[in-house]
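coords18.csv follows; it contains CSV, C-alpha atoms.
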chain,number,residue,atom,x,y,z
A,1,MET,CA,98.3,114.4,112.6
A,2,ALA,CA,97.6,111.6,110.3
A,3,ASP,CA,94.9,109.1,110.8
A,4,PRO,CA,95.7,105.6,112.3
A,5,MET,CA,96.9,102.9,110.0
A,6,LYS,CA,94.8,99.8,109.6
A,7,ILE,CA,97.0,96.8,110.2
A,8,ARG,CA,96.1,93.2,110.0
A,9,ALA,CA,98.7,90.5,111.0
A,10,SER,CA,97.9,86.8,111.0
A,11,ALA,CA,100.2,83.9,111.9
A,12,LYS,CA,99.7,80.6,110.1
A,13,ASP,CA,102.1,77.7,109.7
A,14,GLY,CA,105.0,79.6,111.1
A,15,ILE,CA,104.6,82.6,108.7
A,16,THR,CA,103.0,85.8,109.6
A,17,GLU,CA,101.3,87.7,106.9
A,18,VAL,CA,101.0,91.5,107.4
A,19,LYS,CA,98.7,93.8,105.6
A,20,VAL,CA,98.9,97.6,106.2
A,21,LEU,CA,96.7,100.3,104.9
A,22,MET,CA,98.1,103.8,105.6
A,23,SER,CA,96.1,107.0,105.5
A,24,HIS,CA,98.1,109.5,103.6
A,25,GLU,CA,97.4,111.8,100.6
A,26,MET,CA,100.7,110.9,98.9
A,27,GLU,CA,100.9,114.1,96.9
A,28,THR,CA,103.4,113.8,94.1
A,29,GLY,CA,104.4,117.5,93.7
A,30,GLN,CA,103.4,117.3,90.0
A,31,ARG,CA,99.7,117.9,90.3
A,32,LYS,CA,98.2,121.4,89.9
A,33,ASP,CA,95.3,122.7,91.9
A,34,SER,CA,92.3,124.4,90.4
A,35,SER,CA,94.1,127.8,90.0
A,36,GLY,CA,97.1,126.1,88.3
A,37,ASN,CA,99.5,126.2,91.1
A,38,LEU,CA,101.7,123.2,91.8
A,39,VAL,CA,100.6,121.3,94.8
A,40,PRO,CA,103.8,120.7,96.8
A,41,ALA,CA,104.9,117.1,97.3
A,42,HIS,CA,103.9,115.4,100.5
A,43,PHE,CA,104.4,111.7,100.7
A,44,ILE,CA,105.5,108.9,102.9
A,45,THR,CA,109.2,108.3,102.4
A,46,GLU,CA,110.1,105.5,104.9
A,47,ILE,CA,108.2,102.7,106.5
A,48,THR,CA,109.4,100.1,108.9
A,49,ALA,CA,107.8,97.1,110.6
A,50,GLU,CA,108.9,95.5,113.8
A,51,HIS,CA,107.9,92.2,115.4
A,52,ASN,CA,108.5,92.2,119.1
A,53,GLY,CA,111.1,94.9,118.6
A,54,ARG,CA,113.0,93.2,115.8
A,55,GLN,CA,112.8,94.8,112.4
A,56,VAL,CA,111.1,92.7,109.8
A,57,LEU,CA,110.8,95.2,107.0
A,58,ALA,CA,112.3,98.5,106.0
A,59,GLY,CA,110.8,100.2,103.0
A,60,GLN,CA,111.3,103.4,101.1
A,61,PHE,CA,108.5,105.0,99.1
A,62,GLY,CA,108.7,107.4,96.2
A,63,THR,CA,105.9,109.6,94.9
A,64,ALA,CA,104.5,106.8,92.7
A,65,ILE,CA,102.9,105.0,95.6
A,66,SER,CA,99.2,105.4,95.5
A,67,LYS,CA,97.2,107.6,97.8
A,68,ASN,CA,96.5,105.8,101.1
A,69,PRO,CA,99.3,103.3,100.6
A,70,TYR,CA,98.7,99.6,100.9
A,71,LEU,CA,101.5,97.2,101.7
A,72,ALA,CA,101.5,93.5,102.3
A,73,PHE,CA,104.5,91.3,103.3
A,74,LYS,CA,105.3,88.1,105.1
A,75,PHE,CA,107.9,87.0,107.6
A,76,LYS,CA,108.9,83.8,109.3
A,77,GLY,CA,108.0,83.4,112.9
A,78,GLY,CA,105.4,85.4,114.9
A,79,ALA,CA,102.8,83.9,117.2
A,80,LYS,CA,99.3,84.9,118.1
A,81,GLY,CA,99.5,87.7,120.6
A,82,ASP,CA,102.9,88.9,119.6
A,83,LYS,CA,103.3,92.6,119.0
A,84,LEU,CA,103.7,94.0,115.5
A,85,SER,CA,104.3,97.7,115.0
A,86,VAL,CA,104.5,99.7,111.8
A,87,SER,CA,105.9,103.2,111.6
A,88,TRP,CA,106.2,105.7,108.8
A,89,VAL,CA,107.9,109.0,108.2
A,90,ASP,CA,106.8,111.4,105.5
A,91,SER,CA,108.5,114.1,103.5
A,92,LYS,CA,107.5,116.8,105.9
A,93,GLY,CA,108.8,114.9,108.9
A,94,ASP,CA,105.4,113.8,110.2
A,95,LYS,CA,105.5,110.4,111.8
A,96,ARG,CA,103.0,107.8,112.9
A,97,THR,CA,103.4,104.4,114.6
A,98,ASP,CA,100.6,101.9,115.2
A,99,GLU,CA,100.8,98.6,116.9
A,100,VAL,CA,98.6,95.5,116.7
A,101,GLN,CA,98.7,92.0,118.2
A,102,ILE,CA,99.2,89.2,115.7
A,103,ALA,CA,96.0,87.2,115.3
B,1,MET,CA,120.3,97.8,116.4
B,2,ASN,CA,118.7,101.1,117.2
B,3,ASN,CA,121.7,102.0,119.3
B,4,GLN,CA,124.0,101.1,116.5
B,5,ARG,CA,122.0,103.2,114.1
B,6,ARG,CA,122.2,106.2,116.4
B,7,GLU,CA,125.9,105.8,116.7
B,8,ILE,CA,126.3,105.6,112.9
B,9,LEU,CA,124.1,108.6,112.4
B,10,LYS,CA,126.1,110.6,114.9
B,11,ALA,CA,129.4,109.5,113.4
B,12,GLY,CA,128.3,110.1,109.9
B,13,GLY,CA,126.7,113.4,110.5
B,14,GLY,CA,123.6,112.2,108.8
B,15,LEU,CA,123.9,112.7,105.1
B,16,GLY,CA,127.6,112.3,104.4
B,17,LEU,CA,128.3,108.7,105.2
B,18,PHE,CA,124.8,107.6,104.5
B,19,GLY,CA,124.5,109.3,101.2
B,20,LEU,CA,127.6,107.5,100.1
B,21,LEU,CA,126.4,104.2,101.4
B,22,ALA,CA,123.0,104.6,99.8
B,23,ALA,CA,124.5,105.7,96.5
B,24,ALA,CA,126.7,102.7,96.5
B,25,GLY,CA,123.8,100.4,96.7
B,26,LEU,CA,121.0,99.2,98.9
B,27,ILE,CA,122.3,99.0,102.4
B,28,THR,CA,122.2,95.5,103.9
B,29,PRO,CA,119.3,95.2,106.4
B,30,GLY,CA,120.3,94.7,109.9
B,31,GLU,CA,123.3,96.9,109.6
B,32,ALA,CA,121.4,100.1,109.6
B,33,ARG,CA,118.3,101.7,108.2
B,34,ALA,CA,119.2,103.6,105.1
B,35,GLU,CA,118.4,107.2,104.7
B,36,TRP,CA,115.9,107.8,102.0
B,37,ASN,CA,117.7,107.2,98.8
B,38,LYS,CA,117.2,110.6,97.1
B,39,ALA,CA,119.4,109.9,94.1
B,40,ALA,CA,117.5,106.7,93.2
B,41,PHE,CA,114.1,108.3,93.7
B,42,ASP,CA,115.0,111.4,91.8
B,43,ALA,CA,116.4,109.5,88.8
B,44,LYS,CA,114.5,110.0,85.6
B,45,THR,CA,115.3,106.9,83.6
B,46,ILE,CA,115.5,103.2,84.4
B,47,ASP,CA,119.2,103.2,83.8
B,48,GLU,CA,119.8,106.1,86.1
B,49,THR,CA,117.7,104.5,88.8
B,50,LEU,CA,119.5,101.1,88.5
B,51,LYS,CA,122.8,103.0,88.7
B,52,ALA,CA,121.7,104.9,91.8
B,53,LEU,CA,120.7,101.6,93.4
B,54,GLY,CA,124.0,100.0,92.5
B,55,ALA,CA,122.4,97.5,90.2
B,56,THR,CA,124.3,97.7,87.0
B,57,ALA,CA,123.2,95.2,84.4
B,58,PRO,CA,120.8,93.1,86.4
B,59,ALA,CA,120.2,89.6,85.0
B,60,ASN,CA,116.7,88.7,83.7
B,61,SER,CA,115.4,86.0,85.9
B,62,ALA,CA,112.4,83.7,85.8
B,63,ASP,CA,112.7,83.4,89.6
B,64,VAL,CA,111.4,86.9,90.0
B,65,GLN,CA,107.7,87.2,89.5
B,66,LEU,CA,105.8,90.5,89.1
B,67,THR,CA,102.1,90.1,89.7
B,68,ALA,CA,100.0,92.9,88.2
B,69,PRO,CA,97.0,93.3,86.0
B,70,ASP,CA,97.6,93.3,82.2
B,71,ILE,CA,95.3,96.3,82.0
B,72,ALA,CA,94.8,98.8,84.7
B,73,GLU,CA,91.6,100.8,84.3
B,74,ASN,CA,92.7,103.4,86.9
B,75,GLY,CA,96.3,104.4,86.8
B,76,ALA,CA,96.1,106.0,90.2
B,77,VAL,CA,95.8,102.6,91.9
B,78,VAL,CA,97.6,99.7,90.2
B,79,PRO,CA,98.2,96.7,92.5
B,80,VAL,CA,101.7,95.4,92.0
B,81,GLY,CA,103.3,92.4,93.8
B,82,VAL,CA,106.8,91.0,93.7
B,83,VAL,CA,107.5,87.4,94.7
B,84,SER,CA,110.8,85.6,94.2
B,85,THR,CA,111.9,82.0,94.6
B,86,LEU,CA,115.6,83.0,94.9
B,87,ALA,CA,117.4,82.2,98.1
B,88,GLY,CA,118.7,85.0,100.3
B,89,VAL,CA,116.7,87.9,98.9
B,90,GLU,CA,117.9,91.1,100.6
B,91,ALA,CA,116.0,93.8,98.8
B,92,ILE,CA,113.2,94.3,96.4
B,93,ALA,CA,112.4,97.4,94.3
B,94,ILE,CA,109.5,98.3,92.0
B,95,LEU,CA,110.1,100.6,89.0
B,96,VAL,CA,107.7,102.1,86.5
B,97,GLU,CA,109.5,103.0,83.4
B,98,LYS,CA,107.4,105.8,82.1
B,99,ASN,CA,106.7,107.6,85.3
B,100,PRO,CA,108.5,110.9,85.9
B,101,ASN,CA,110.7,109.1,88.4
B,102,PRO,CA,110.7,105.4,87.8
B,103,LEU,CA,111.5,104.2,91.3
B,104,ALA,CA,108.2,103.6,93.2
B,105,ALA,CA,109.4,101.8,96.2
B,106,SER,CA,112.3,99.8,97.6
B,107,PHE,CA,112.2,97.3,100.4
B,108,MET,CA,115.0,95.9,102.5
B,109,LEU,CA,114.2,92.4,103.8
B,110,PRO,CA,116.0,91.3,107.0
B,111,VAL,CA,116.7,87.6,107.3
B,112,GLY,CA,113.5,85.7,108.0
B,113,THR,CA,111.3,88.0,105.9
B,114,GLU,CA,109.8,86.3,102.9
B,115,PRO,CA,110.6,87.7,99.4
B,116,SER,CA,107.0,88.7,98.8
B,117,VAL,CA,105.6,92.2,98.9
B,118,GLN,CA,102.5,93.8,97.5
B,119,THR,CA,101.6,97.4,97.2
B,120,ARG,CA,99.7,99.8,94.9
B,121,VAL,CA,101.4,102.3,92.6
B,122,LYS,CA,100.4,105.2,90.4
B,123,MET,CA,101.1,105.0,86.7
B,124,GLY,CA,100.8,108.0,84.3
B,125,GLN,CA,100.5,105.9,81.2
B,126,THR,CA,101.0,102.5,79.8
B,127,SER,CA,104.5,101.3,80.7
B,128,ASP,CA,106.8,98.5,81.5
B,129,VAL,CA,107.0,97.8,85.2
B,130,TYR,CA,110.1,96.2,86.6
B,131,ALA,CA,110.7,94.2,89.7
B,132,LEU,CA,114.3,94.3,90.9
B,133,VAL,CA,115.5,91.8,93.4
B,134,LYS,CA,118.8,91.7,95.1
B,135,ALA,CA,119.8,88.2,96.3
B,136,GLY,CA,123.2,87.0,97.4
B,137,GLY,CA,124.7,90.3,96.4
B,138,LYS,CA,123.5,90.0,92.8
B,139,PHE,CA,120.7,91.8,91.1
B,140,PHE,CA,117.9,90.1,89.1
B,141,ILE,CA,115.0,91.7,87.2
B,142,ALA,CA,111.7,90.9,85.7
B,143,LYS,CA,109.3,93.1,83.7
B,144,LYS,CA,105.8,93.3,82.7
B,145,GLU,CA,103.9,95.7,80.6
B,146,ILE,CA,100.8,97.2,82.2
B,147,LYS,CA,98.3,99.0,80.0
B,148,VAL,CA,96.7,102.0,81.6
B,149,THR,CA,93.4,103.3,80.3
B,150,LEU,CA,93.2,106.3,82.6
B,151,GLY,CA,96.3,108.0,83.8
B,152,GLY,CA,97.0,108.4,87.5
B,153,CYS,CA,98.8,111.7,87.4
B,154,GLY,CA,96.3,114.0,85.8
B,155,GLY,CA,94.9,116.7,88.0
Would you put the structure from the file into structure tokens?
Amino acid sequence: MADPMKIRASAKDGITEVKVLMSHEMETGQRKDSSGNLVPAHFITEITAEHNGRQVLAGQFGTAISKNPYLAFKFKGGAKGDKLSVSWVDSKGDKRTDEVQIA
Amino acid sequence: MNNQRREILKAGGGLGLFGLLAAAGLITPGEARAEWNKAAFDAKTIDETLKALGATAPANSADVQLTAPDIAENGAVVPVGVVSTLAGVEAIAILVEKNPNPLAASFMLPVGTEPSVQTRVKMGQTSDVYALVKAGGKFFIAKKEIKVTLGGCGG
């Protein structure tokens, strides 16, 4: 199971800014290991964010996203103490959801 | 919305309906969460990718800004941001022309989400990077060349 995400969400002037750092190797499937074998692809394919249960972002990643992906976005609304959850699914079907309170 | 999605998934048998919808373009947020757009992510050229996203002949727009360094020392981690001043932005995609598969990421923005995303991408070599924005049913694009001194895809 993957490590938790680091999520920071802060509300200011009616806009909530979210920064997410995921922990994932993001293997492209094009890299070879030391013995010359291709390392199979393993990467996050989908990411979604919900604010109090309402979806505020849906993203799809390809293999070109860097290892331990970083993502920042903003949405209108959101108050201190509201719940913000971020979920991802990877190409092997692994999933992870983490939740924070908006600061 | 989750219920609706389940219904649609059930009705569409997963890939069939969704594959078609996804191939026809970026699905409008709020309606359903799109299945991973394999056709677009597997495309090998910018033109193929745009076609798979349903974005034929997007207009160059000064209202789409791509923020990225002019020179990236490490191609494995290139910070890229897309901001737009267009109204009604529904989707944003980031494409790296000379990567094996140009499409790096696509985002669907429900109403209320600001047209502003930042992430980090891998770049194998110096390349043009494109920001594609869908607003009001139309596609707009901006590009910027990023020079890479150390490729991100070497083993």
| Counting all atoms listed in the file, the residue of B:Ala91, B:Leu66, B:Val117, B:Leu109 that sits nearest Tyr130 of chain B |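 Of all the options, B:Leu66 lies closest to Tyr130 of chain B.
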| query | Could you list, as a list in words, every residue of chain A that has an atom within 7 Å of an atom of chain B, counting only C-alpha atoms? | reply | Arg31, Lys32, Thr45, Glu46, Val56, Leu57, Ala58, Gly59, Gln60, Phe61, Gly62, Thr63, Ala64, Ile65, Ser66, Pro69, Tyr70, Leu71, Ala72, Phe73, Lys74, Phe75 and Lys76 of chain A
| task | Tell me which protein, DNA and RNA residues are within 8 Å of segment 88-93 of chain A, counting all atoms listed in the file, leaving out same-chain ones fewer than 3 positions away, and put them as a ChimeraX atom specification. | result | /A:41-48,96-97
| request: Could you check how far atom CA of Asp128 of chain B sits from atom CA of Thr28 of chain A, in Å to one decimal? | output: 20.1 Å
| query | Taking into account all atoms listed in the file, which residue in the set A:Ala49, A:Leu38, A:Ala79, A:Val86 is nearest to Lys12 of chain A? | reply |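 Checking each candidate against Lys12 of chain A, we get A:Ala79 as the closest.
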| query | Can you tell me, as a list in words, what residues are no more than 12 Å from Asp3 of chain A when counting all atoms listed in the file, ignoring any on the same chain fewer than 2 positions away? | reply | Met1, Met5, Lys6, Leu21, Met22, Ser23, His24, Glu25, Asn68, Trp88, Asp94, Lys95, Arg96, Thr97 and Asp98 of chain A
Output requested as a PDB file, keeping the file's coordinate frame - segment 120-131 of chain B, filled out with all heavy atoms.
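Writing the result to out35.pdb gives the following:
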ATOM      1  N   ARG B 120     100.490  99.228  96.007  1.00  0.00           N
ATOM      2  CA  ARG B 120      99.700  99.800  94.900  1.00  0.00           C
ATOM      3  C   ARG B 120     100.505 101.039  94.421  1.00  0.00           C
ATOM      4  O   ARG B 120     100.978 101.824  95.235  1.00  0.00           O
ATOM      5  CB  ARG B 120      98.354 100.277  95.384  1.00  0.00           C
ATOM      6  CG  ARG B 120      97.465  99.133  95.804  1.00  0.00           C
ATOM      7  CD  ARG B 120      96.179  99.667  96.371  1.00  0.00           C
ATOM      8  NE  ARG B 120      95.372  98.595  96.951  1.00  0.00           N
ATOM      9  CZ  ARG B 120      94.531  98.773  97.955  1.00  0.00           C
ATOM     10  NH1 ARG B 120      94.402  99.958  98.507  1.00  0.00           N
ATOM     11  NH2 ARG B 120      93.830  97.768  98.418  1.00  0.00           N
ATOM     12  N   VAL B 121     100.635 101.167  93.112  1.00  0.00           N
ATOM     13  CA  VAL B 121     101.400 102.300  92.600  1.00  0.00           C
ATOM     14  C   VAL B 121     100.553 103.118  91.607  1.00  0.00           C
ATOM     15  O   VAL B 121      99.522 102.670  91.125  1.00  0.00           O
ATOM     16  CB  VAL B 121     102.680 101.814  91.831  1.00  0.00           C
ATOM     17  CG1 VAL B 121     103.574 101.022  92.763  1.00  0.00           C
ATOM     18  CG2 VAL B 121     102.338 101.002  90.593  1.00  0.00           C
ATOM     19  N   LYS B 122     101.046 104.337  91.366  1.00  0.00           N
ATOM     20  CA  LYS B 122     100.400 105.200  90.400  1.00  0.00           C
ATOM     21  C   LYS B 122     101.180 105.063  89.070  1.00  0.00           C
ATOM     22  O   LYS B 122     102.407 104.947  89.069  1.00  0.00           O
ATOM     23  CB  LYS B 122     100.531 106.675  90.819  1.00  0.00           C
ATOM     24  CG  LYS B 122      99.695 107.020  92.015  1.00  0.00           C
ATOM     25  CD  LYS B 122      99.908 108.471  92.407  1.00  0.00           C
ATOM     26  CE  LYS B 122     100.214 108.555  93.882  1.00  0.00           C
ATOM     27  NZ  LYS B 122     100.537 109.870  94.376  1.00  0.00           N
ATOM     28  N   MET B 123     100.442 105.088  87.963  1.00  0.00           N
ATOM     29  CA  MET B 123     101.100 105.000  86.700  1.00  0.00           C
ATOM     30  C   MET B 123     100.462 106.104  85.780  1.00  0.00           C
ATOM     31  O   MET B 123      99.250 106.175  85.637  1.00  0.00           O
ATOM     32  CB  MET B 123     100.851 103.663  86.006  1.00  0.00           C
ATOM     33  CG  MET B 123     101.593 102.540  86.714  1.00  0.00           C
ATOM     34  SD  MET B 123     101.253 100.948  85.946  1.00  0.00           S
ATOM     35  CE  MET B 123     102.002 101.183  84.337  1.00  0.00           C
ATOM     36  N   GLY B 124     101.316 106.935  85.184  1.00  0.00           N
ATOM     37  CA  GLY B 124     100.800 108.000  84.300  1.00  0.00           C
ATOM     38  C   GLY B 124     100.311 107.533  83.006  1.00  0.00           C
ATOM     39  O   GLY B 124      99.436 108.130  82.402  1.00  0.00           O
ATOM     40  N   GLN B 125     100.876 106.457  82.517  1.00  0.00           N
ATOM     41  CA  GLN B 125     100.500 105.900  81.200  1.00  0.00           C
ATOM     42  C   GLN B 125     100.964 104.474  81.101  1.00  0.00           C
ATOM     43  O   GLN B 125     101.665 103.987  81.982  1.00  0.00           O
ATOM     44  CB  GLN B 125     101.187 106.754  80.106  1.00  0.00           C
ATOM     45  CG  GLN B 125     102.705 106.820  80.290  1.00  0.00           C
ATOM     46  CD  GLN B 125     103.387 107.655  79.237  1.00  0.00           C
ATOM     47  OE1 GLN B 125     103.267 107.378  78.069  1.00  0.00           O
ATOM     48  NE2 GLN B 125     104.107 108.689  79.657  1.00  0.00           N
ATOM     49  N   THR B 126     100.543 103.825  80.009  1.00  0.00           N
ATOM     50  CA  THR B 126     101.000 102.500  79.800  1.00  0.00           C
ATOM     51  C   THR B 126     102.482 102.370  79.796  1.00  0.00           C
ATOM     52  O   THR B 126     103.168 103.193  79.211  1.00  0.00           O
ATOM     53  CB  THR B 126     100.448 102.008  78.381  1.00  0.00           C
ATOM     54  OG1 THR B 126      99.022 102.057  78.411  1.00  0.00           O
ATOM     55  CG2 THR B 126     100.910 100.595  78.048  1.00  0.00           C
ATOM     56  N   SER B 127     103.004 101.384  80.508  1.00  0.00           N
ATOM     57  CA  SER B 127     104.500 101.300  80.700  1.00  0.00           C
ATOM     58  C   SER B 127     104.889  99.935  81.103  1.00  0.00           C
ATOM     59  O   SER B 127     104.102  99.129  81.573  1.00  0.00           O
ATOM     60  CB  SER B 127     104.831 102.336  81.808  1.00  0.00           C
ATOM     61  OG  SER B 127     106.152 102.130  82.243  1.00  0.00           O
ATOM     62  N   ASP B 128     106.180  99.699  80.892  1.00  0.00           N
ATOM     63  CA  ASP B 128     106.800  98.500  81.500  1.00  0.00           C
ATOM     64  C   ASP B 128     107.003  98.751  82.956  1.00  0.00           C
ATOM     65  O   ASP B 128     107.416  99.837  83.345  1.00  0.00           O
ATOM     66  CB  ASP B 128     108.127  98.194  80.820  1.00  0.00           C
ATOM     67  CG  ASP B 128     107.970  97.549  79.454  1.00  0.00           C
ATOM     68  OD1 ASP B 128     106.876  96.995  79.189  1.00  0.00           O
ATOM     69  OD2 ASP B 128     108.908  97.612  78.652  1.00  0.00           O
ATOM     70  N   VAL B 129     106.717  97.734  83.747  1.00  0.00           N
ATOM     71  CA  VAL B 129     107.000  97.800  85.200  1.00  0.00           C
ATOM     72  C   VAL B 129     108.027  96.759  85.506  1.00  0.00           C
ATOM     73  O   VAL B 129     107.950  95.628  85.016  1.00  0.00           O
ATOM     74  CB  VAL B 129     105.683  97.580  85.992  1.00  0.00           C
ATOM     75  CG1 VAL B 129     105.976  97.559  87.482  1.00  0.00           C
ATOM     76  CG2 VAL B 129     104.668  98.672  85.673  1.00  0.00           C
ATOM     77  N   TYR B 130     109.028  97.137  86.281  1.00  0.00           N
ATOM     78  CA  TYR B 130     110.100  96.200  86.600  1.00  0.00           C
ATOM     79  C   TYR B 130     110.122  95.858  88.070  1.00  0.00           C
ATOM     80  O   TYR B 130     109.842  96.700  88.925  1.00  0.00           O
ATOM     81  CB  TYR B 130     111.477  96.900  86.292  1.00  0.00           C
ATOM     82  CG  TYR B 130     111.724  97.172  84.834  1.00  0.00           C
ATOM     83  CD1 TYR B 130     111.195  98.301  84.219  1.00  0.00           C
ATOM     84  CD2 TYR B 130     112.498  96.306  84.070  1.00  0.00           C
ATOM     85  CE1 TYR B 130     111.432  98.561  82.878  1.00  0.00           C
ATOM     86  CE2 TYR B 130     112.745  96.559  82.733  1.00  0.00           C
ATOM     87  CZ  TYR B 130     112.214  97.682  82.142  1.00  0.00           C
ATOM     88  OH  TYR B 130     112.443  97.938  80.813  1.00  0.00           O
ATOM     89  N   ALA B 131     110.455  94.623  88.321  1.00  0.00           N
ATOM     90  CA  ALA B 131     110.700  94.200  89.700  1.00  0.00           C
ATOM     91  C   ALA B 131     112.172  93.853  89.783  1.00  0.00           C
ATOM     92  O   ALA B 131     112.691  93.025  89.035  1.00  0.00           O
ATOM     93  CB  ALA B 131     109.871  92.930  89.990  1.00  0.00           C
TER      94      ALA B 131
END
